[in-house]
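Enquirer: Could you have a look at this structure, given as structure tokens, before my questions?
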Amino acid sequence: MKGFLSKNSMYRHFFKRLCDAVLGIPAILLLSPLVIICALIIRHEDRGPAFFAQKRIGIHKRPFYIYKLRTMRLDAPHDIPTHLLGNPDQYLLRSGKWIRRYSIDELPQLLNIIKGDMSIVGPRPALWNQYDLIAERDKYGANDIRPGLTGWAQINGRDELEISEKAKLDGDYVKRESLMFDLMCIWKTIFKTVRHEGVIEGGTGQG
């Protein structure tokens, strides 16, 4: 057990940041044309900024601003989890539906990864006012690692998960975090994103 913890800690504190840079920089160069095309579609559909920054909770519960493509109208409520909106479809742009379906709106977070706010794999960063999720994650130490672009909870239910179940899966990730486990999470994320599994507008796992 001691050897496992040492290996786990070494990866988390030394090698994971390097892996994020090695994978993140080529990814942002490769995917930036897709992000730019989607940004132009958003601007054409609904005048206003195509990108926005949103306050989220990072490692050790320190706040930071996450970058996203805008998928909702400018008059949509801000800083409210999607599952708390009575009818989220009424705010979604037409383009926003398929941009969300394939998680393209999350791709600007590759900049957050390069900056060091996030990792490629980790618990999805909670909104600053998602106190229930933050408190649940405290039980499992999931607030003490960098949040991720994707994570173990994301590939095991995503928007279908209840808050308590999502936090428990995030805790499972904390215990299992390693290079091989992260690579498996990335592969499964690609597979599920292509099949757009687990995406439900208004699901409790939004964030």
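Starting from 1 in every chain, residues are counted up; chains themselves are A, B, ... following the order of the structure tokens, and ligands are numbered from 1 as listed.
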Among stretch 35-67 of chain A, which residues carry a DSSP assignment of strand (DSSP E or B), reported as a PyMOL selection string?
Expert: chain A and resi 51-57+63-67
Enquirer: Select from stretch 109-180 of chain A every residue with an atom at most 12 Å from any atom of stretch 30-48 of chain A, then for each give the shortest pair of atoms and their distance in Å to one decimal, using only C-alpha atoms, rows by chain and rising number, as a tab-separated table.
Expert:
residue	atom	partner	partner_atom	distance
A:Gln109	CA	A:Val35	CA	11.1
A:Leu110	CA	A:Leu31	CA	9.7
A:Leu111	CA	A:Ser32	CA	10.7
Enquirer: What is the atom CA of A:Val194 to atom CA of A:Gly96 distance in Å?
Expert: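 Taking atom CA of A:Val194 and atom CA of A:Gly96, their separation equals 16.5 Å.
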Enquirer: DSSP on the backbone, alpha helix (DSSP H) only: what residues of chain A does that give? Format it as an NGL selection string.
Expert: :A and (2-10 or 16-45 or 94-101 or 109-115 or 131-138 or 163-176 or 179-194)
Enquirer: For the residues in the current selection, export C-alpha atoms as a PDB file, in the first residue's frame.
Expert:
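Produced file result29.pdb, reproduced below:
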ATOM      1  CA  LYS A   2       2.842   2.367   0.882  1.00  0.00           C
ATOM      2  CA  GLY A   3       4.537   1.703  -2.453  1.00  0.00           C
ATOM      3  CA  PHE A   4       1.302   2.360  -4.321  1.00  0.00           C
ATOM      4  CA  LEU A   5       0.765   5.659  -2.528  1.00  0.00           C
ATOM      5  CA  SER A   6       4.339   6.725  -3.255  1.00  0.00           C
ATOM      6  CA  LYS A   7       3.968   5.903  -6.945  1.00  0.00           C
ATOM      7  CA  ASN A   8       0.578   7.626  -7.073  1.00  0.00           C
ATOM      8  CA  SER A   9       1.952  10.742  -5.368  1.00  0.00           C
ATOM      9  CA  MET A  10       5.016  10.894  -7.637  1.00  0.00           C
ATOM     10  CA  LYS A  16       1.216  14.570 -14.526  1.00  0.00           C
ATOM     11  CA  ARG A  17       1.904  18.246 -15.212  1.00  0.00           C
ATOM     12  CA  LEU A  18       4.435  17.221 -17.871  1.00  0.00           C
ATOM     13  CA  CYS A  19       1.919  14.822 -19.443  1.00  0.00           C
ATOM     14  CA  ASP A  20      -0.698  17.594 -19.514  1.00  0.00           C
ATOM     15  CA  ALA A  21       1.680  19.857 -21.439  1.00  0.00           C
ATOM     16  CA  VAL A  22       2.841  17.105 -23.809  1.00  0.00           C
ATOM     17  CA  LEU A  23      -0.762  16.233 -24.715  1.00  0.00           C
ATOM     18  CA  GLY A  24      -2.388  19.647 -24.239  1.00  0.00           C
ATOM     19  CA  ILE A  25      -0.219  21.774 -26.534  1.00  0.00           C
ATOM     20  CA  PRO A  26      -0.600  19.546 -29.650  1.00  0.00           C
ATOM     21  CA  ALA A  27      -4.315  19.125 -28.880  1.00  0.00           C
ATOM     22  CA  ILE A  28      -4.993  22.861 -28.825  1.00  0.00           C
ATOM     23  CA  LEU A  29      -3.077  23.329 -32.100  1.00  0.00           C
ATOM     24  CA  LEU A  30      -4.950  20.464 -33.749  1.00  0.00           C
ATOM     25  CA  LEU A  31      -8.423  21.411 -32.482  1.00  0.00           C
ATOM     26  CA  SER A  32      -8.240  25.215 -32.683  1.00  0.00           C
ATOM     27  CA  PRO A  33      -9.680  25.323 -36.260  1.00  0.00           C
ATOM     28  CA  LEU A  34     -12.779  23.432 -35.038  1.00  0.00           C
ATOM     29  CA  VAL A  35     -13.164  25.822 -32.079  1.00  0.00           C
ATOM     30  CA  ILE A  36     -12.807  28.878 -34.348  1.00  0.00           C
ATOM     31  CA  ILE A  37     -15.420  27.551 -36.804  1.00  0.00           C
ATOM     32  CA  CYS A  38     -17.871  26.921 -33.940  1.00  0.00           C
ATOM     33  CA  ALA A  39     -17.172  30.407 -32.551  1.00  0.00           C
ATOM     34  CA  LEU A  40     -18.052  31.955 -35.916  1.00  0.00           C
ATOM     35  CA  ILE A  41     -21.290  29.929 -36.065  1.00  0.00           C
ATOM     36  CA  ILE A  42     -22.240  31.115 -32.577  1.00  0.00           C
ATOM     37  CA  ARG A  43     -21.541  34.758 -33.486  1.00  0.00           C
ATOM     38  CA  HIS A  44     -23.653  34.411 -36.631  1.00  0.00           C
ATOM     39  CA  GLU A  45     -26.574  32.904 -34.700  1.00  0.00           C
ATOM     40  CA  ARG A  94     -29.527  25.851 -32.127  1.00  0.00           C
ATOM     41  CA  SER A  95     -25.812  25.370 -32.644  1.00  0.00           C
ATOM     42  CA  GLY A  96     -25.364  24.981 -28.891  1.00  0.00           C
ATOM     43  CA  LYS A  97     -27.212  21.667 -28.865  1.00  0.00           C
ATOM     44  CA  TRP A  98     -24.768  19.843 -31.096  1.00  0.00           C
ATOM     45  CA  ILE A  99     -21.754  21.745 -29.745  1.00  0.00           C
ATOM     46  CA  ARG A 100     -22.667  20.429 -26.289  1.00  0.00           C
ATOM     47  CA  ARG A 101     -23.534  16.981 -27.587  1.00  0.00           C
ATOM     48  CA  GLN A 109     -10.239  24.568 -21.407  1.00  0.00           C
ATOM     49  CA  LEU A 110      -7.104  23.254 -23.078  1.00  0.00           C
ATOM     50  CA  LEU A 111      -5.831  26.778 -22.328  1.00  0.00           C
ATOM     51  CA  ASN A 112      -6.635  26.192 -18.639  1.00  0.00           C
ATOM     52  CA  ILE A 113      -4.637  22.961 -18.825  1.00  0.00           C
ATOM     53  CA  ILE A 114      -1.611  24.697 -20.329  1.00  0.00           C
ATOM     54  CA  LYS A 115      -1.860  27.443 -17.680  1.00  0.00           C
ATOM     55  CA  TYR A 131     -21.824  24.003  -2.416  1.00  0.00           C
ATOM     56  CA  ASP A 132     -23.430  20.550  -2.256  1.00  0.00           C
ATOM     57  CA  LEU A 133     -20.984  19.069  -4.771  1.00  0.00           C
ATOM     58  CA  ILE A 134     -17.995  20.800  -3.159  1.00  0.00           C
ATOM     59  CA  ALA A 135     -18.976  19.496   0.275  1.00  0.00           C
ATOM     60  CA  GLU A 136     -19.452  15.942  -1.015  1.00  0.00           C
ATOM     61  CA  ARG A 137     -16.054  16.010  -2.707  1.00  0.00           C
ATOM     62  CA  ASP A 138     -14.446  17.070   0.576  1.00  0.00           C
ATOM     63  CA  ILE A 163     -24.314  14.669  -6.787  1.00  0.00           C
ATOM     64  CA  SER A 164     -23.427  12.070  -4.136  1.00  0.00           C
ATOM     65  CA  GLU A 165     -22.654   9.402  -6.730  1.00  0.00           C
ATOM     66  CA  LYS A 166     -20.580  11.799  -8.803  1.00  0.00           C
ATOM     67  CA  ALA A 167     -18.505  12.816  -5.753  1.00  0.00           C
ATOM     68  CA  LYS A 168     -17.915   9.173  -4.836  1.00  0.00           C
ATOM     69  CA  LEU A 169     -16.624   8.425  -8.341  1.00  0.00           C
ATOM     70  CA  ASP A 170     -14.363  11.465  -8.071  1.00  0.00           C
ATOM     71  CA  GLY A 171     -13.053   9.970  -4.833  1.00  0.00           C
ATOM     72  CA  ASP A 172     -12.433   6.664  -6.589  1.00  0.00           C
ATOM     73  CA  TYR A 173     -10.372   8.557  -9.144  1.00  0.00           C
ATOM     74  CA  VAL A 174      -8.234  10.115  -6.393  1.00  0.00           C
ATOM     75  CA  LYS A 175      -7.333   6.602  -5.192  1.00  0.00           C
ATOM     76  CA  ARG A 176      -6.633   5.213  -8.664  1.00  0.00           C
ATOM     77  CA  LEU A 179      -0.670   7.411 -15.972  1.00  0.00           C
ATOM     78  CA  MET A 180      -2.328   4.217 -17.203  1.00  0.00           C
ATOM     79  CA  PHE A 181      -5.629   5.066 -15.517  1.00  0.00           C
ATOM     80  CA  ASP A 182      -5.573   8.580 -17.020  1.00  0.00           C
ATOM     81  CA  LEU A 183      -4.879   7.163 -20.497  1.00  0.00           C
ATOM     82  CA  MET A 184      -7.812   4.789 -20.075  1.00  0.00           C
ATOM     83  CA  CYS A 185     -10.052   7.715 -19.045  1.00  0.00           C
ATOM     84  CA  ILE A 186      -8.976   9.705 -22.111  1.00  0.00           C
ATOM     85  CA  TRP A 187      -9.662   6.777 -24.437  1.00  0.00           C
ATOM     86  CA  LYS A 188     -13.093   6.118 -22.912  1.00  0.00           C
ATOM     87  CA  THR A 189     -13.924   9.830 -23.095  1.00  0.00           C
ATOM     88  CA  ILE A 190     -13.218   9.884 -26.837  1.00  0.00           C
ATOM     89  CA  PHE A 191     -15.365   6.761 -27.325  1.00  0.00           C
ATOM     90  CA  LYS A 192     -18.302   8.115 -25.303  1.00  0.00           C
ATOM     91  CA  THR A 193     -18.083  11.591 -26.824  1.00  0.00           C
ATOM     92  CA  VAL A 194     -18.296  10.177 -30.352  1.00  0.00           C
TER      93      VAL A 194
END
Enquirer: Using only C-alpha atoms, can you tell me which of A:Lys68, A:His60, A:Ala50, A:Leu93 comes closest to A:Pro147?
Expert: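 Checking each of A:Lys68, A:His60, A:Ala50, A:Leu93 against A:Pro147, counting only C-alpha atoms, the winner is A:His60.
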Enquirer: Determine, counting only C-alpha atoms, which protein, DNA and RNA residues have an atom within 8 Å of an atom of stretch 123-126 of chain A; residues of the same chain fewer than 5 positions away are not included. Present the result as a count of residues only.
Expert: 18
Enquirer: Nearest to A:Pro63: which of A:Gly157, A:Phe14, A:Ile104, A:Asn129 is it, counting only C-alpha atoms?
Expert: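 Using only C-alpha atoms, the shortest distance to A:Pro63 belongs to A:Asn129.
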Enquirer: My list of candidates is A:Leu92, A:Ile155, A:Tyr102, A:Leu127. Which is closest to A:Ile66 when distances are computed with only C-alpha atoms?
Expert: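 The closest residue to A:Ile66 is A:Leu127.
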